file work_39.pdb (PDB, C-alpha atoms)
ATOM      1  CA  MET E   1       9.584 -15.116  14.108
ATOM      2  CA  THR E   2       8.228 -11.639  13.743
ATOM      3  CA  ALA E   3       4.941 -10.424  15.181
ATOM      4  CA  GLY E   4       1.985 -11.508  13.067
ATOM      5  CA  SER E   5       3.924 -13.803  10.754
ATOM      6  CA  SER E   6       2.200 -17.042  11.765
ATOM      7  CA  ALA E   7      -1.274 -15.480  11.521
ATOM      8  CA  ALA E   8      -0.508 -14.217   8.030
ATOM      9  CA  ALA E   9       0.918 -17.587   6.956
ATOM     10  CA  TRP E  10      -2.061 -19.485   8.371
ATOM     11  CA  GLY E  11      -4.478 -17.184   6.568
ATOM     12  CA  ARG E  12      -2.680 -17.732   3.266
ATOM     13  CA  GLU E  13      -2.564 -21.495   3.767
ATOM     14  CA  GLN E  14      -6.152 -22.003   4.913
ATOM     15  CA  GLY E  15      -7.560 -19.401   2.534
ATOM     16  CA  ARG E  16      -5.985 -20.873  -0.597
ATOM     17  CA  LEU E  17      -8.512 -21.559  -3.333
ATOM     18  CA  ARG E  18      -8.655 -24.725  -5.437
ATOM     19  CA  TRP E  19      -8.068 -24.474  -9.193
ATOM     20  CA  TRP E  20     -11.761 -24.543 -10.092
ATOM     21  CA  GLN E  21     -12.561 -21.887  -7.496
ATOM     22  CA  HIS E  22     -10.233 -19.497  -9.312
ATOM     23  CA  LEU E  23     -12.408 -19.990 -12.399
ATOM     24  CA  VAL E  24     -15.571 -19.298 -10.398
ATOM     25  CA  ALA E  25     -13.971 -16.157  -8.926
ATOM     26  CA  ALA E  26     -12.872 -15.010 -12.398
ATOM     27  CA  VAL E  27     -16.512 -14.643 -13.430
ATOM     28  CA  GLY E  28     -17.355 -12.736 -10.253
ATOM     29  CA  ALA E  29     -19.095 -15.562  -8.382
ATOM     30  CA  GLU E  30     -18.412 -17.066  -4.982
ATOM     31  CA  THR E  31     -19.458 -20.382  -3.439
ATOM     32  CA  PRO E  32     -20.173 -20.617   0.315
ATOM     33  CA  GLU E  33     -16.813 -22.376   0.833
ATOM     34  CA  MET E  34     -15.013 -19.619  -1.074
ATOM     35  CA  GLY E  35     -16.740 -17.047   1.143
ATOM     36  CA  ARG E  36     -15.585 -18.869   4.282
ATOM     37  CA  ARG E  37     -12.029 -18.992   2.958
ATOM     38  CA  ARG E  38     -12.093 -15.296   2.037
ATOM     39  CA  ARG E  39     -13.380 -14.314   5.500
ATOM     40  CA  HIS E  40     -10.720 -16.525   7.098
ATOM     41  CA  ARG E  41      -7.991 -14.772   5.078
ATOM     42  CA  GLU E  42      -9.403 -11.383   6.106
ATOM     43  CA  ARG E  43      -9.521 -12.318   9.810
ATOM     44  CA  CYS E  44      -5.959 -13.647   9.719
ATOM     45  CA  ALA E  45      -4.716 -10.532   7.928
ATOM     46  CA  ALA E  46      -6.410  -8.350  10.568
ATOM     47  CA  GLY E  47      -4.885 -10.492  13.313
ATOM     48  CA  SER E  48      -1.448 -10.086  11.779
ATOM     49  CA  VAL E  49      -1.842  -6.296  11.650
ATOM     50  CA  GLY E  50      -3.061  -6.242  15.256
ATOM     51  CA  GLU E  51      -0.078  -8.287  16.414
ATOM     52  CA  GLN E  52       2.338  -5.975  14.583
ATOM     53  CA  ARG E  53       0.725  -2.919  16.192
ATOM     54  CA  THR E  54       0.924  -4.520  19.621
ATOM     55  CA  ASP E  55       4.577  -5.340  19.031
ATOM     56  CA  ALA E  56       5.281  -1.710  18.158
ATOM     57  CA  MET E  57       3.569  -0.556  21.372
ATOM     58  CA  LEU E  58       5.638  -2.995  23.436
ATOM     59  CA  GLN E  59       9.028  -1.858  22.106
ATOM     60  CA  PRO E  60       9.539   0.854  24.796
ATOM     61  CA  LEU E  61       9.592  -1.937  27.393
ATOM     62  CA  LEU E  62      12.910  -3.157  25.983
ATOM     63  CA  ALA E  63      14.657  -0.056  27.363
ATOM     64  CA  GLU E  64      13.326  -0.948  30.816
ATOM     65  CA  GLY E  65      14.833  -4.439  30.778
ATOM     66  CA  TRP E  66      11.865  -6.407  29.486
ATOM     67  CA  HIS E  67      12.145  -9.179  26.908
ATOM     68  CA  VAL E  68       9.400  -9.214  24.268
ATOM     69  CA  LEU E  69       9.023 -12.527  22.441
ATOM     70  CA  PRO E  70       6.490 -12.272  19.616
ATOM     71  CA  ASP E  71       4.593 -15.119  17.965
ATOM     72  CA  ARG E  72       5.634 -18.164  20.005
ATOM     73  CA  ARG E  73       4.387 -21.621  19.074
ATOM     74  CA  VAL E  74       2.595 -23.691  21.703
ATOM     75  CA  GLY E  75       2.207 -27.340  20.820
ATOM     76  CA  ARG E  76       1.560 -28.282  17.206
ATOM     77  CA  SER E  77      -1.203 -25.913  16.213
ATOM     78  CA  ALA E  78      -1.388 -22.958  18.594
ATOM     79  CA  ASN E  79       0.613 -19.847  19.285
ATOM     80  CA  VAL E  80       0.933 -17.076  21.834
ATOM     81  CA  ASP E  81       0.965 -13.627  20.240
ATOM     82  CA  HIS E  82       3.479 -12.158  22.713
ATOM     83  CA  VAL E  83       5.367 -13.451  25.725
ATOM     84  CA  LEU E  84       6.696 -10.714  28.007
ATOM     85  CA  VAL E  85       9.426 -11.439  30.520
ATOM     86  CA  GLY E  86       9.973  -8.692  33.062
ATOM     87  CA  PRO E  87      13.297  -7.646  34.552
ATOM     88  CA  ASP E  88      12.313  -9.401  37.793
ATOM     89  CA  GLY E  89      11.351 -12.642  36.020
ATOM     90  CA  GLN E  90       7.593 -12.148  35.823
ATOM     91  CA  VAL E  91       6.097 -13.720  32.702
ATOM     92  CA  PHE E  92       3.005 -12.454  30.893
ATOM     93  CA  THR E  93       1.289 -13.616  27.733
ATOM     94  CA  LEU E  94      -0.717 -11.344  25.457
ATOM     95  CA  ASP E  95      -3.375 -12.354  22.993
ATOM     96  CA  THR E  96      -3.997  -9.525  20.540
ATOM     97  CA  LYS E  97      -7.360  -8.858  18.914
ATOM     98  CA  LEU E  98      -8.056  -6.309  16.210
ATOM     99  CA  TRP E  99     -11.752  -5.639  16.019
ATOM    100  CA  TRP E 100     -13.161  -4.575  12.657
ATOM    101  CA  ARG E 101     -15.955  -2.428  14.046
ATOM    102  CA  ARG E 102     -15.816   0.264  16.642
ATOM    103  CA  ALA E 103     -17.556  -0.469  19.880
ATOM    104  CA  ARG E 104     -20.767   1.473  20.190
ATOM    105  CA  CYS E 105     -21.632   3.007  23.478
ATOM    106  CA  ARG E 106     -24.987   4.447  24.496
ATOM    107  CA  ARG E 107     -24.855   7.126  27.081
ATOM    108  CA  ARG E 108     -27.605   7.517  29.585
ATOM    109  CA  TRP E 109     -28.040  11.105  30.521
ATOM    110  CA  ALA E 110     -29.265  12.022  33.978
ATOM    111  CA  GLY E 111     -33.000  12.344  33.957
ATOM    112  CA  SER E 112     -33.483  10.535  30.623
ATOM    113  CA  GLY E 113     -34.801   7.418  32.342
TER
END
call {"tool": "encode", "arguments": {"input": "work_39.pdb", "output": "structure tokens"}}
result
Amino acid sequence: MTAGSSAAAWGREQGRLRWWQHLVAAVGAETPEMGRRRRHRERCAAGSVGEQRTDAMLQPLLAEGWHVLPDRRVGRSANVDHVLVGPDGQVFTLDTKLWWRRARCRRRWAGSG
């Protein structure tokens, strides 16, 4: 498995439209269910991109003796984005998130109350 492949596959599978929904979409309309499916596809696509970016950032660890195992299945319906095994046997799991919006931060200046 490559990083992000299960998220992308799940998004395609769960986001698939029924035959009549393709007709509705062809005229530029969207039902609430179609909207949910579209948003699900978008979230899964973003998750896949985030996992691929994380995988790229983890690659330098390979030169230091780490093992990077992307996209590992847990049970029947879950996965771990990355499992890291250190040279000394330590094991870490990473769950990647790619946020659509930037975090906003308000600064409080001294004396502004």
call {"tool": "residues_around", "arguments": {"input": "work_39.pdb", "residues": "E:Val83", "least_positions_apart": "5", "cutoff": "7 Å", "atoms": "only C-alpha atoms", "output": "list in words"}}
result
Val68, Leu69, Pro70, Phe92, Thr93 and Leu94 of chain E
call {"tool": "closest_residue", "arguments": {"input": "work_39.pdb", "among": "E:Ser6, E:Thr31, E:Gln21, E:Gln59", "to": "E:Asp81", "atoms": "only C-alpha atoms"}}
result
E:Ser6
call {"tool": "closest_residue", "arguments": {"input": "work_39.pdb", "among": "E:Ala29, E:Ala56, E:Val49, E:Leu84", "to": "E:Arg72", "atoms": "only C-alpha atoms"}}
result
E:Leu84
call {"tool": "atom_distance", "arguments": {"input": "work_39.pdb", "atom1": "atom CA of E:Gly47", "atom2": "atom CA of E:Gly75"}}
result
19.8 Å
call {"tool": "residues_around", "arguments": {"input": "work_39.pdb", "residues": "E:Thr96", "least_positions_apart": "5", "cutoff": "10 Å", "atoms": "all atoms listed in the file", "output": "MDAnalysis selection string"}}
result
chainID E and resid 4 47:55 80:82
call {"tool": "write_last_selection", "arguments": {"input": "work_39.pdb", "atoms": "C-alpha atoms", "output": "PDB file, in the coordinates of the input"}}
result
ATOM      1  CA  GLY E   4       1.985 -11.508  13.067  1.00  0.00           C
ATOM      2  CA  GLY E  47      -4.885 -10.492  13.313  1.00  0.00           C
ATOM      3  CA  SER E  48      -1.448 -10.086  11.779  1.00  0.00           C
ATOM      4  CA  VAL E  49      -1.842  -6.296  11.650  1.00  0.00           C
ATOM      5  CA  GLY E  50      -3.061  -6.242  15.256  1.00  0.00           C
ATOM      6  CA  GLU E  51      -0.078  -8.287  16.414  1.00  0.00           C
ATOM      7  CA  GLN E  52       2.338  -5.975  14.583  1.00  0.00           C
ATOM      8  CA  ARG E  53       0.725  -2.919  16.192  1.00  0.00           C
ATOM      9  CA  THR E  54       0.924  -4.520  19.621  1.00  0.00           C
ATOM     10  CA  ASP E  55       4.577  -5.340  19.031  1.00  0.00           C
ATOM     11  CA  VAL E  80       0.933 -17.076  21.834  1.00  0.00           C
ATOM     12  CA  ASP E  81       0.965 -13.627  20.240  1.00  0.00           C
ATOM     13  CA  HIS E  82       3.479 -12.158  22.713  1.00  0.00           C
TER      14      HIS E  82
END
call {"tool": "atom_distance", "arguments": {"input": "work_39.pdb", "atom1": "atom CA of E:Met34", "atom2": "atom CA of E:Asn79"}}
result
25.7 Å
call {"tool": "closest_residue", "arguments": {"input": "work_39.pdb", "among": "E:Val85, E:Ala45, E:Ala9, E:Val74", "to": "E:Leu61", "atoms": "all atoms listed in the file"}}
result
E:Val85
call {"tool": "residues_near_point", "arguments": {"input": "work_39.pdb", "point": "(-7.0, -15.1, 4.8)", "cutoff": "10 Å", "atoms": "all atoms listed in the file", "output": "mmCIF file with C-alpha atoms, in the frame of the given file"}}
result
data_model
loop_
_atom_site.group_PDB
_atom_site.id
_atom_site.type_symbol
_atom_site.label_atom_id
_atom_site.label_comp_id
_atom_site.auth_asym_id
_atom_site.auth_seq_id
_atom_site.Cartn_x
_atom_site.Cartn_y
_atom_site.Cartn_z
ATOM 1 C CA ALA E 7 -1.274 -15.480 11.521
ATOM 2 C CA ALA E 8 -0.508 -14.217 8.030
ATOM 3 C CA ALA E 9 0.918 -17.587 6.956
ATOM 4 C CA TRP E 10 -2.061 -19.485 8.371
ATOM 5 C CA GLY E 11 -4.478 -17.184 6.568
ATOM 6 C CA ARG E 12 -2.680 -17.732 3.266
ATOM 7 C CA GLU E 13 -2.564 -21.495 3.767
ATOM 8 C CA GLN E 14 -6.152 -22.003 4.913
ATOM 9 C CA GLY E 15 -7.560 -19.401 2.534
ATOM 10 C CA ARG E 16 -5.985 -20.873 -0.597
ATOM 11 C CA ARG E 36 -15.585 -18.869 4.282
ATOM 12 C CA ARG E 37 -12.029 -18.992 2.958
ATOM 13 C CA ARG E 38 -12.093 -15.296 2.037
ATOM 14 C CA ARG E 39 -13.380 -14.314 5.500
ATOM 15 C CA HIS E 40 -10.720 -16.525 7.098
ATOM 16 C CA ARG E 41 -7.991 -14.772 5.078
ATOM 17 C CA GLU E 42 -9.403 -11.383 6.106
ATOM 18 C CA ARG E 43 -9.521 -12.318 9.810
ATOM 19 C CA CYS E 44 -5.959 -13.647 9.719
ATOM 20 C CA ALA E 45 -4.716 -10.532 7.928
ATOM 21 C CA ALA E 46 -6.410 -8.350 10.568
ATOM 22 C CA GLY E 47 -4.885 -10.492 13.313
#
call {"tool": "atom_distance", "arguments": {"input": "work_39.pdb", "atom1": "atom CA of E:Gly89", "atom2": "atom CA of E:His67"}}
result
9.8 Å
call {"tool": "residues_around", "arguments": {"input": "work_39.pdb", "residues": "E:Pro87", "least_positions_apart": "3", "cutoff": "9 Å", "atoms": "all atoms listed in the file", "output": "mmCIF file with C-alpha atoms, keeping the file's coordinate frame"}}
result
data_model
loop_
_atom_site.group_PDB
_atom_site.id
_atom_site.type_symbol
_atom_site.label_atom_id
_atom_site.label_comp_id
_atom_site.auth_asym_id
_atom_site.auth_seq_id
_atom_site.Cartn_x
_atom_site.Cartn_y
_atom_site.Cartn_z
ATOM 1 C CA GLU E 64 13.326 -0.948 30.816
ATOM 2 C CA GLY E 65 14.833 -4.439 30.778
ATOM 3 C CA TRP E 66 11.865 -6.407 29.486
ATOM 4 C CA HIS E 67 12.145 -9.179 26.908
ATOM 5 C CA GLN E 90 7.593 -12.148 35.823
#
call {"tool": "axis_aligned_box", "arguments": {"input": "work_39.pdb", "around": "stretch 71-75 of chain E", "padding_each_side": "6 Å", "output": "lines of an AutoDock Vina configuration file"}}
result
center_x = 3.9
center_y = -21.2
center_z = 19.8
size_x = 15.4
size_y = 24.2
size_z = 15.7
call {"tool": "decode", "arguments": {"input": "work_39.pdb", "residues": "stretch 46-61 of chain E", "atoms": "all heavy atoms", "output": "short mmCIF file (atom, residue, chain, number, x, y, z; two decimals), in the first residue's frame"}}
result
data_model
loop_
_atom_site.label_atom_id
_atom_site.label_comp_id
_atom_site.auth_asym_id
_atom_site.auth_seq_id
_atom_site.Cartn_x
_atom_site.Cartn_y
_atom_site.Cartn_z
N ALA E 46 -8.63 15.09 0.30
CA ALA E 46 -7.73 15.91 1.12
C ALA E 46 -6.93 15.03 2.06
O ALA E 46 -5.72 15.25 2.26
CB ALA E 46 -8.53 16.95 1.90
N GLY E 47 -7.57 14.02 2.64
CA GLY E 47 -6.87 13.10 3.53
C GLY E 47 -5.77 12.36 2.81
O GLY E 47 -4.67 12.18 3.33
N SER E 48 -6.05 11.94 1.59
CA SER E 48 -5.06 11.24 0.78
C SER E 48 -3.85 12.12 0.50
O SER E 48 -2.69 11.71 0.64
CB SER E 48 -5.68 10.77 -0.53
OG SER E 48 -4.74 10.12 -1.33
N VAL E 49 -4.11 13.37 0.14
CA VAL E 49 -3.02 14.33 -0.11
C VAL E 49 -2.20 14.55 1.16
O VAL E 49 -0.97 14.55 1.13
CB VAL E 49 -3.57 15.66 -0.66
CG1 VAL E 49 -2.50 16.74 -0.66
CG2 VAL E 49 -4.13 15.46 -2.05
N GLY E 50 -2.88 14.72 2.28
CA GLY E 50 -2.19 14.92 3.56
C GLY E 50 -1.31 13.74 3.91
O GLY E 50 -0.18 13.91 4.37
N GLU E 51 -1.80 12.52 3.69
CA GLU E 51 -1.02 11.33 3.98
C GLU E 51 0.20 11.24 3.07
O GLU E 51 1.29 10.83 3.50
CB GLU E 51 -1.88 10.08 3.85
CG GLU E 51 -2.92 9.97 4.95
CD GLU E 51 -3.85 8.79 4.76
OE1 GLU E 51 -3.42 7.77 4.16
OE2 GLU E 51 -5.00 8.87 5.20
N GLN E 52 0.05 11.60 1.81
CA GLN E 52 1.18 11.58 0.88
C GLN E 52 2.24 12.61 1.29
O GLN E 52 3.44 12.33 1.23
CB GLN E 52 0.70 11.85 -0.54
CG GLN E 52 -0.14 10.73 -1.11
CD GLN E 52 -0.84 11.11 -2.39
OE1 GLN E 52 -0.50 12.09 -3.04
NE2 GLN E 52 -1.85 10.33 -2.75
N ARG E 53 1.79 13.79 1.72
CA ARG E 53 2.74 14.81 2.17
C ARG E 53 3.48 14.37 3.43
O ARG E 53 4.69 14.58 3.57
CB ARG E 53 2.01 16.13 2.44
CG ARG E 53 1.55 16.81 1.18
CD ARG E 53 0.82 18.09 1.51
NE ARG E 53 0.31 18.72 0.30
CZ ARG E 53 -0.49 19.78 0.30
NH1 ARG E 53 -0.87 20.33 1.46
NH2 ARG E 53 -0.92 20.29 -0.82
N THR E 54 2.75 13.75 4.35
CA THR E 54 3.38 13.24 5.56
C THR E 54 4.41 12.18 5.21
O THR E 54 5.52 12.17 5.76
CB THR E 54 2.33 12.66 6.53
OG1 THR E 54 1.40 13.69 6.88
CG2 THR E 54 2.96 12.09 7.78
N ASP E 55 4.06 11.30 4.29
CA ASP E 55 4.98 10.25 3.88
C ASP E 55 6.27 10.85 3.31
O ASP E 55 7.37 10.38 3.62
CB ASP E 55 4.32 9.34 2.84
CG ASP E 55 5.13 8.08 2.59
OD1 ASP E 55 5.34 7.31 3.56
OD2 ASP E 55 5.55 7.88 1.44
N ALA E 56 6.13 11.89 2.52
CA ALA E 56 7.31 12.54 1.95
C ALA E 56 8.19 13.15 3.05
O ALA E 56 9.42 13.08 2.99
CB ALA E 56 6.89 13.62 0.95
N MET E 57 7.56 13.72 4.08
CA MET E 57 8.33 14.31 5.18
C MET E 57 9.02 13.25 6.03
O MET E 57 10.04 13.53 6.66
CB MET E 57 7.41 15.16 6.06
CG MET E 57 7.00 16.45 5.41
SD MET E 57 6.14 17.56 6.55
CE MET E 57 4.51 16.85 6.55
N LEU E 58 8.48 12.03 6.04
CA LEU E 58 9.06 10.97 6.86
C LEU E 58 10.21 10.24 6.17
O LEU E 58 10.96 9.52 6.82
CB LEU E 58 7.97 9.95 7.23
CG LEU E 58 6.86 10.47 8.15
CD1 LEU E 58 5.78 9.41 8.29
CD2 LEU E 58 7.42 10.86 9.50
N GLN E 59 10.37 10.41 4.88
CA GLN E 59 11.39 9.66 4.13
C GLN E 59 12.82 9.84 4.65
O GLN E 59 13.58 8.88 4.64
CB GLN E 59 11.31 10.00 2.64
CG GLN E 59 10.04 9.48 1.97
CD GLN E 59 9.83 8.00 2.20
OE1 GLN E 59 10.68 7.18 1.87
NE2 GLN E 59 8.69 7.65 2.78
N PRO E 60 13.22 11.02 5.13
CA PRO E 60 14.58 11.15 5.68
C PRO E 60 14.86 10.22 6.86
O PRO E 60 16.02 9.89 7.15
CB PRO E 60 14.67 12.62 6.10
CG PRO E 60 13.70 13.32 5.22
CD PRO E 60 12.57 12.34 5.04
N LEU E 61 13.81 9.76 7.54
CA LEU E 61 14.02 8.85 8.67
C LEU E 61 14.58 7.50 8.23
O LEU E 61 15.23 6.80 9.00
CB LEU E 61 12.71 8.63 9.43
CG LEU E 61 12.14 9.82 10.18
CD1 LEU E 61 10.79 9.47 10.78
CD2 LEU E 61 13.11 10.28 11.26
#
